[in-house]
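Source file: upload.txt. Holds: compact mmCIF, C-alpha atoms and all ligand atoms.
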# COMPACT_ATOMS: atom_id res chain seq x y z
CA MET A 146 12.28 -67.39 23.13
CA THR A 147 15.33 -65.99 21.31
CA GLU A 148 15.48 -62.33 20.28
CA ASP A 149 15.22 -61.72 16.51
CA LEU A 150 18.45 -59.82 15.66
CA SER A 151 17.94 -59.76 11.90
CA GLY A 152 18.89 -56.51 10.04
CA PRO A 153 15.38 -55.13 9.46
CA ASN A 154 14.43 -55.63 13.11
CA ILE A 155 17.55 -53.87 14.41
CA MET A 156 16.78 -50.92 12.08
CA ALA A 157 13.16 -50.76 13.24
CA SER A 158 14.16 -50.79 16.89
CA LEU A 159 16.83 -48.14 16.28
CA LYS A 160 14.30 -45.90 14.52
CA LYS A 161 11.89 -46.30 17.42
CA THR A 162 14.57 -45.33 19.94
CA VAL A 163 15.67 -42.27 17.91
CA LYS A 164 12.02 -41.18 17.52
CA HIS A 165 11.50 -41.54 21.25
CA VAL A 166 14.64 -39.52 22.10
CA VAL A 167 13.84 -36.78 19.59
CA LEU A 168 10.15 -36.38 20.34
CA GLN A 169 9.84 -37.34 23.99
CA THR A 170 12.99 -36.31 25.89
CA PRO A 171 14.53 -32.93 26.88
CA CYS A 172 17.62 -33.88 24.87
CA GLY A 173 15.42 -34.21 21.76
CA ARG A 174 14.30 -30.61 22.13
CA ILE A 175 17.93 -29.48 21.81
CA LEU A 176 18.62 -31.90 18.93
CA LEU A 177 15.64 -30.40 17.05
CA MET A 178 16.82 -26.80 17.33
CA PRO A 179 18.93 -26.72 14.10
CA PHE A 180 15.99 -28.25 12.21
CA ARG A 181 13.58 -25.67 13.62
CA LEU A 182 15.94 -22.80 12.90
CA SER A 183 16.41 -23.89 9.28
CA LYS A 184 12.62 -24.20 8.92
CA ALA A 185 12.15 -20.60 10.11
CA LEU A 186 15.03 -19.33 7.95
CA SER A 187 13.51 -20.94 4.85
CA TYR A 188 10.77 -18.27 5.00
CA TYR A 189 13.24 -15.37 5.11
CA ALA A 190 16.31 -16.57 3.19
CA PRO A 191 14.83 -15.59 -0.22
CA LYS A 192 14.64 -12.00 1.06
CA LEU A 193 18.44 -11.96 1.48
CA LYS A 194 18.76 -12.28 -2.30
CA TYR A 195 16.43 -9.30 -2.79
CA MET A 196 18.32 -7.26 -0.17
CA LEU A 197 21.62 -7.79 -1.95
CA ARG A 198 20.19 -7.05 -5.40
CA TRP A 199 18.37 -3.96 -4.15
CA THR A 200 21.48 -2.64 -2.37
CA LEU A 201 23.44 -2.86 -5.62
CA SER A 202 20.80 -1.79 -8.14
CA SER A 203 18.36 0.64 -6.44
CA ARG A 204 19.05 4.20 -5.30
CA GLU A 205 16.07 4.58 -2.98
CA VAL A 206 16.57 5.29 0.69
CA THR A 207 12.94 5.66 1.76
CA ASN A 208 9.37 5.30 0.41
CA PHE A 209 10.43 2.23 -1.58
CA THR A 210 8.84 1.38 -4.90
CA TYR A 211 7.99 -2.12 -6.13
CA HIS A 212 5.25 -3.99 -7.94
CA ILE A 213 2.83 -6.13 -5.98
CA THR A 214 2.39 -9.79 -6.92
CA ARG A 215 -0.27 -10.86 -9.42
CA ALA A 216 -2.25 -12.75 -6.75
CA ASN A 217 -2.09 -9.65 -4.54
CA GLN A 218 -3.48 -7.55 -7.41
CA GLU A 219 -6.36 -10.03 -7.72
CA TYR A 220 -7.10 -9.70 -4.00
CA LEU A 221 -6.93 -5.92 -4.32
CA ALA A 222 -9.40 -5.99 -7.23
CA HIS A 223 -11.75 -8.14 -5.14
CA THR A 224 -11.42 -5.71 -2.21
CA VAL A 225 -12.21 -2.70 -4.41
CA SER A 226 -15.08 -4.60 -6.00
CA VAL A 227 -16.69 -5.51 -2.66
CA ILE A 228 -16.45 -1.92 -1.39
CA THR A 229 -17.62 -0.09 -4.50
CA GLY A 230 -20.05 -2.64 -5.93
CA VAL A 231 -18.22 -2.56 -9.28
CA PRO A 232 -17.69 -6.05 -10.75
CA TYR A 233 -14.31 -7.68 -10.14
CA SER A 234 -13.40 -7.44 -13.83
CA GLY A 235 -14.06 -3.67 -13.79
CA ALA A 236 -11.90 -3.14 -10.71
CA MET A 237 -9.13 -5.23 -12.26
CA SER A 238 -9.30 -3.27 -15.51
CA TYR A 239 -8.48 -0.07 -13.59
CA LEU A 240 -5.52 -1.71 -11.85
CA ASN A 241 -4.26 -2.71 -15.30
CA GLU A 242 -5.05 0.70 -16.82
CA ILE A 243 -2.54 2.59 -14.67
CA GLN A 244 0.12 -0.10 -14.91
CA GLU A 245 -0.12 -0.04 -18.70
CA ASP A 246 -0.06 3.76 -18.91
CA ASP A 247 3.09 4.48 -20.95
CA ASP A 248 2.61 8.26 -20.70
CA VAL A 249 2.74 8.12 -16.91
CA ARG A 250 5.72 5.77 -17.04
CA ARG A 251 7.64 8.06 -19.42
CA HIS A 252 6.69 11.17 -17.45
CA ILE A 253 7.97 9.80 -14.13
CA ALA A 254 11.17 8.35 -15.64
CA GLU A 255 11.92 11.68 -17.31
CA ARG A 256 11.21 13.76 -14.19
CA VAL A 257 13.41 11.45 -12.10
CA ARG A 258 16.24 11.68 -14.67
CA ARG A 259 16.20 15.49 -14.59
CA GLY A 260 15.16 15.91 -10.96
CA PRO A 261 17.20 17.05 -7.97
CA GLU A 262 16.69 13.68 -6.25
CA ARG A 263 17.89 11.53 -9.14
CA HIS A 264 20.62 9.99 -6.99
CA VAL A 265 18.08 8.71 -4.46
CA SER A 266 15.26 7.81 -6.89
CA ASP A 267 14.70 4.96 -9.33
CA GLU A 268 13.53 5.63 -12.90
CA GLY A 269 11.49 2.42 -13.03
CA VAL A 270 7.85 3.11 -12.25
CA ARG A 271 6.42 0.73 -9.67
CA PHE A 272 3.30 1.91 -7.87
CA GLY A 273 2.76 -0.96 -5.40
CA ARG A 274 -0.49 -0.56 -3.45
CA ARG A 275 -1.13 2.90 -4.97
CA ILE A 276 -2.78 1.15 -7.94
CA GLY A 277 -5.67 0.58 -5.50
CA TRP A 278 -5.87 4.35 -4.89
CA TYR A 279 -6.09 4.79 -8.65
CA ALA A 280 -8.96 2.29 -8.96
CA PHE A 281 -10.95 4.10 -6.25
CA VAL A 282 -10.59 7.44 -8.03
CA ARG A 283 -11.60 5.93 -11.37
CA ILE A 284 -14.66 4.24 -9.86
CA VAL A 285 -15.89 6.84 -7.37
CA LYS A 286 -15.26 9.87 -9.68
CA PRO A 287 -14.48 12.24 -6.79
CA ARG A 288 -14.60 15.99 -7.33
CA VAL A 289 -11.92 16.54 -4.71
CA VAL A 290 -9.10 14.12 -3.85
CA VAL A 291 -6.68 14.97 -1.04
CA GLU A 292 -3.40 13.18 -0.34
CA THR A 293 -1.48 14.28 2.75
CA GLY A 294 2.23 13.55 2.28
CA VAL A 295 3.41 13.80 -1.32
CA ASP A 296 7.14 13.00 -1.12
CA LYS A 297 8.47 12.66 -4.70
CA GLY A 298 4.94 12.58 -6.07
CA HIS A 299 4.29 9.01 -7.25
CA GLY A 300 0.86 9.09 -5.67
CA ALA A 301 0.24 12.63 -6.92
CA VAL A 302 0.92 11.75 -10.58
CA LEU A 303 -1.09 8.53 -10.38
CA LEU A 304 -4.08 10.28 -8.76
CA CYS A 305 -3.96 13.14 -11.29
CA ALA A 306 -3.77 10.62 -14.15
CA ALA A 307 -6.98 9.06 -12.79
CA LEU A 308 -8.66 12.47 -12.52
CA MET A 309 -7.66 13.35 -16.09
CA ARG A 310 -9.26 10.15 -17.39
CA ASN A 311 -12.36 10.88 -15.30
CA GLU A 312 -12.51 14.38 -16.79
CA ALA A 313 -12.27 12.98 -20.31
CA GLU A 314 -15.31 10.85 -19.43
CA GLY A 315 -17.25 13.89 -18.15
CA PHE A 316 -16.39 13.72 -14.42
CA PRO A 317 -13.94 16.51 -13.58
CA GLY A 318 -12.12 16.56 -10.27
CA ARG A 319 -9.13 18.16 -8.54
CA TYR A 320 -6.21 16.83 -6.55
CA TYR A 321 -4.69 18.56 -3.52
CA GLY A 322 -1.48 17.21 -2.05
CA THR A 323 0.01 18.51 1.21
CA ASP A 324 3.66 18.34 2.26
CA ILE A 325 5.80 20.06 4.85
CA ASN A 326 8.90 19.61 2.67
CA LEU A 327 9.23 22.43 0.13
CA ASP A 328 11.12 20.11 -2.25
CA ALA A 329 8.35 17.51 -2.29
CA GLY A 330 6.33 16.80 -5.42
CA PHE A 331 8.98 17.22 -8.13
CA LEU A 332 7.26 14.49 -10.18
CA LEU A 333 4.04 16.51 -10.45
CA SER A 334 4.27 18.76 -13.52
CA GLU A 335 2.30 19.28 -16.74
CA PRO A 336 0.12 17.67 -17.94
CA TYR A 337 -0.72 16.11 -14.55
CA SER A 338 -0.38 19.36 -12.60
CA SER A 339 -3.26 20.76 -14.70
CA VAL A 340 -5.63 18.97 -12.30
CA GLY A 341 -3.49 19.04 -9.17
CA THR A 342 -1.96 21.45 -6.66
CA ILE A 343 0.47 20.91 -3.81
CA LEU A 344 -0.13 22.91 -0.63
CA TYR A 345 3.16 23.36 1.20
CA GLY A 346 3.25 23.51 4.98
CA ASP A 347 1.91 21.44 7.85
CA SER A 348 -0.92 19.19 6.69
CA ILE A 349 -3.36 20.11 9.43
CA CYS A 350 -3.05 23.80 8.47
CA SER A 351 -3.32 23.08 4.74
CA LEU A 352 -6.40 20.92 5.26
CA GLN A 353 -8.23 23.90 6.82
CA SER A 354 -8.25 25.62 3.42
CA ILE A 355 -10.01 22.76 1.61
CA PRO A 356 -13.80 23.09 1.96
CA ASN A 357 -14.93 19.62 0.95
CA ILE A 358 -13.35 16.24 0.24
CA ASP A 359 -14.67 13.15 -1.55
CA LEU A 360 -11.58 10.92 -1.29
CA PHE A 361 -8.96 11.40 1.42
CA ILE A 362 -5.58 9.64 1.56
CA ASN A 363 -3.53 9.89 4.75
CA ASP A 364 0.21 9.45 4.13
CA SER A 365 2.07 12.28 5.93
CA ASP A 366 3.36 12.28 9.53
CA HIS A 367 2.88 8.68 10.51
CA SER A 368 2.57 9.14 14.27
CA ALA A 369 -0.76 7.83 15.55
CA GLN A 370 -1.61 11.20 17.16
CA TYR A 371 -1.01 13.18 13.98
CA GLU A 372 -2.90 10.67 11.84
CA ARG A 373 -5.85 10.95 14.25
CA ARG A 374 -5.75 14.76 14.03
CA GLU A 375 -5.93 14.58 10.25
CA TYR A 376 -9.07 12.41 10.39
CA GLU A 377 -10.67 14.75 12.95
CA THR A 378 -9.84 17.73 10.72
CA ILE A 379 -11.32 16.29 7.55
CA ALA A 380 -14.35 14.58 9.12
CA PRO A 381 -16.69 17.63 8.79
CA LYS A 382 -15.51 18.21 5.21
CA LEU A 383 -15.99 14.64 4.03
CA SER A 384 -18.94 14.13 1.68
CA PRO A 385 -21.58 11.59 2.83
CA ARG A 386 -20.14 9.00 0.41
CA GLY A 387 -16.54 10.04 1.14
CA ILE A 388 -13.86 7.37 1.32
CA ILE A 389 -10.75 7.52 3.52
CA LEU A 390 -7.68 5.54 2.53
CA GLY A 391 -5.09 5.15 5.28
CA ASP A 392 -1.50 4.38 4.39
CA ASN A 393 -0.46 3.73 7.98
CA CYS A 394 -2.90 0.96 8.90
CA HIS A 395 -0.21 -1.74 8.91
CA CYS A 396 1.31 0.19 11.86
CA ASN A 397 -1.70 1.15 13.97
CA ASP A 398 -5.49 0.89 14.34
CA VAL A 399 -6.26 4.64 14.29
CA LEU A 400 -8.38 4.53 11.15
CA ALA A 401 -10.10 1.30 12.25
CA ASN A 402 -11.11 2.95 15.56
CA PHE A 403 -12.10 6.22 13.89
CA SER A 404 -14.35 4.22 11.55
CA VAL A 405 -16.12 2.50 14.45
CA GLU A 406 -16.71 5.84 16.21
CA ARG A 407 -18.12 7.42 13.06
CA HIS A 408 -20.28 4.42 12.11
CA ARG A 409 -18.19 3.73 9.04
CA GLN A 410 -17.03 0.36 7.75
CA PHE A 411 -13.34 -0.53 7.67
CA ILE A 412 -11.31 -3.06 5.71
CA PHE A 413 -7.56 -3.53 5.58
CA PHE A 414 -5.86 -4.75 2.41
CA ARG A 415 -2.28 -5.95 2.99
CA GLU A 416 0.07 -5.59 0.06
CA GLU A 417 2.61 -8.21 -0.99
CA PRO A 418 5.66 -6.72 -2.74
CA GLN A 419 7.07 -8.72 -5.63
CA ASP A 420 10.82 -9.47 -5.64
CA HIS A 421 11.56 -6.95 -2.89
CA TRP A 422 12.79 -7.29 0.69
CA TYR A 423 10.27 -4.74 2.06
CA PRO A 424 7.50 -6.63 3.89
CA GLY A 425 4.84 -4.30 2.47
CA GLY A 426 2.29 -1.87 3.82
CA GLY A 427 -1.36 -1.84 2.97
CA ILE A 428 -4.47 0.20 2.37
CA GLY A 429 -6.89 0.83 5.20
CA ILE A 430 -10.25 1.64 3.67
CA SER A 431 -12.91 3.49 5.65
CA PHE A 432 -16.24 3.81 3.88
CA VAL A 433 -20.01 3.95 4.30
CA ARG A 434 -21.36 0.62 3.09
CA GLU A 435 -25.06 1.35 2.74
CA LEU A 436 -24.56 4.37 0.52
CA HIS A 437 -22.05 2.59 -1.68
CA SER A 438 -24.22 -0.50 -2.13
CA GLN A 439 -27.17 1.72 -3.03
CA SER A 440 -25.13 3.59 -5.61
CA SER A 441 -23.99 0.36 -7.22
CA ALA A 442 -27.56 -0.95 -7.32
CA ALA A 443 -28.84 2.26 -8.92
C1 LIG B 1 5.54 8.42 3.03
S1 LIG B 1 5.83 9.98 2.35
C2 LIG B 1 4.47 10.21 1.27
C3 LIG B 1 4.50 9.28 0.10
C4 LIG B 1 3.53 9.63 -1.01
N1 LIG B 1 2.17 9.63 -0.55
C5 LIG B 1 3.68 8.68 -2.18
O1 LIG B 1 2.67 8.21 -2.71
O2 LIG B 1 4.82 8.39 -2.56
C6 LIG B 1 5.49 11.05 3.68
C7 LIG B 1 5.58 12.53 3.36
O3 LIG B 1 4.91 13.25 4.40
C8 LIG B 1 5.55 14.47 4.59
N2 LIG B 1 5.19 14.98 5.94
C9 LIG B 1 5.64 14.57 7.14
N3 LIG B 1 5.08 15.26 8.14
C10 LIG B 1 4.23 16.15 7.56
C11 LIG B 1 3.33 17.15 8.06
N4 LIG B 1 3.22 17.37 9.37
N5 LIG B 1 2.62 17.87 7.17
C12 LIG B 1 2.74 17.64 5.84
N6 LIG B 1 3.57 16.70 5.31
C13 LIG B 1 4.30 15.97 6.16
C14 LIG B 1 7.02 14.18 4.39
O4 LIG B 1 7.72 15.36 4.03
C15 LIG B 1 6.98 13.10 3.27
O5 LIG B 1 7.21 13.69 2.02

Would you write the structure of this file as structure tokens?
Amino acid sequence: MTEDLSGPNIMASLKKTVKHVVLQTPCGRILLMPFRLSKALSYYAPKLKYMLRWTLSSREVTNFTYHITRANQEYLAHTVSVITGVPYSGAMSYLNEIQEDDDVRRHIAERVRRGPERHVSDEGVRFGRRIGWYAFVRIVKPRVVVETGVDKGHGAVLLCAALMRNEAEGFPGRYYGTDINLDAGFLLSEPYSSVGTILYGDSICSLQSIPNIDLFINDSDHSAQYERREYETIAPKLSPRGIILGDNCHCNDVLANFSVERHRQFIFFREEPQDHWYPGGGIGISFVRELHSQSSAA
């Protein structure tokens, strides 16, 4: 029998040999390396564009600001909805409320423009995951909100804006921020400072002076030991329905473990920054499920 050396057959045999070499020999493993590297790079290359743009256009050196993607906002609204028992549409309306708040936007832009840190701050107002903090305050109507670690005060202004809206609806509350840096909190001024105070000094010391807490946000010294000490310090002051939001849960499992020990539930929401190189943080949420489901059913 003579071998069929027609064009199509040669091609088919060649393909078979190449496939064999690539997939089934040690040499194939090396040949595949450029392909595998380009596959991996395809996930990160878009970030290079953001890095370059950010380097040229932003002034920030730490505590970066950005929006989160629309899909990420939807997931956040679902997370808030599941925890609080408020319908998804209600949770989403609060996320929109703060992002559409022109007064807050103008206030922050103006404070940045006149502030001492204007050369390391951006005037654009982008709250990232903090919009979830806002939704919790609007839904839970806490009487006392504490945020450890204020920095410029993006969280402080957003939380006070939520408390002011709550007050207008008949649910007054106060904000306490703590920061070891005496220059922190330059964004927090009237009208937002009418419901908020910054306690300067070490957080653990400042927390001693606050008798009770309904919503606690940890965002100060991000070492696991210090974070743990903050939770231990506030535990006896936390109201039975108190919620803890951890801003360090993408780095460690301190709040997750604390929640298990204290018979609290824990969920982690991971944020997804939009058009930014920063990989994103998240919100760790420690709460008491039974009490919250009962309140939503009532
Ligand atoms: C990540 S920033 C806070 C960001 C802020 N929550 C926001 O929404 O933009 C951390 C802040 O914690 C403060 N800090 C660090 N260690 C502290 C401590 N032991 N006590 C109080 N504040 C501390 C820093 O000065 C810094 O301003």

For this session: Figure out the distance between CA of Leu240 (chain A) and CA of Val225 (chain A), please, to one decimal in Å.
Result: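 These two atoms are separated by 10.1 Å.
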
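If you look at CA of Tyr233 (chain A) and CA of Arg215 (chain A), they are 14.4 Å away from each other.
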
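For the atom pair formed by atom O1 of ligand LIG 1 (chain B) and CA of His408 (chain A), the distance is 27.6 Å, given to one decimal.
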
For this session: Residues within 7 Å of ligand LIG 1 (chain B) should be enumerated using all atoms listed in the file and returned as an MDAnalysis selection string.
Result: chainID A and resid 208 275 292:301 323:326 329 346:349 364:366

Exercise. With distances taken over only C-alpha atoms, which of A:Ser266, A:Thr162, A:Ser431, A:Gln244 is nearest to Thr210 (chain A)?
Worked result: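 With only C-alpha atoms as the atom set, the closest residue is A:Ser266.
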
Seminar exercise, completed: Shortest contact to Glu375 (chain A), candidates A:Val249, A:Val399, A:Phe411, A:Asn357, atoms counted only C-alpha atoms, goes to A:Val399

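Summary of the local environment: counting all atoms listed in the file, residues at most 12 Å from Asn217 (chain A), other than itself and those fewer than 6 positions away along its chain, are A:His223, A:Thr224, A:Met237, A:Leu240, A:Gly273, A:Arg274, A:Ile276, A:Gly277, A:Phe414, A:Arg415, A:Glu416, A:Glu417, A:Pro418, A:Gln419, A:Gly425, A:Gly427.
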
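The residue that comes closest to Ser238 (chain A), out of A:Arg263, A:Thr200, A:Tyr279, A:Ser354 and on the basis of only C-alpha atoms, is A:Tyr279.
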
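Counting only C-alpha atoms, the residue from A:Arg251, A:Arg259, A:Arg373, A:Arg319 that sits nearest to Val282 (chain A) is A:Arg319.
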
Problem set entry | Which residue of A:Val227, A:Ile355, A:Leu182, A:Ile284 approaches Thr342 (chain A) most closely, using only C-alpha atoms | A:Ile355

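With distances taken from (-16.5, -2.9, -0.5) and restricted to all atoms listed in the file, the residues inside 9 Å are His223, Thr224, Val225, Ser226, Val227, Ile228, Thr229, Gly230, Val231, Gln410, Ile412, Ile430, Phe432, Arg434, His437 and Ser438 of chain A.
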
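Distance annotation: of A:Glu372, A:Arg386, A:Glu435, A:Asp420, the residue with the minimal separation from Asn402 (chain A) is A:Glu372; atom set is all atoms listed in the file.
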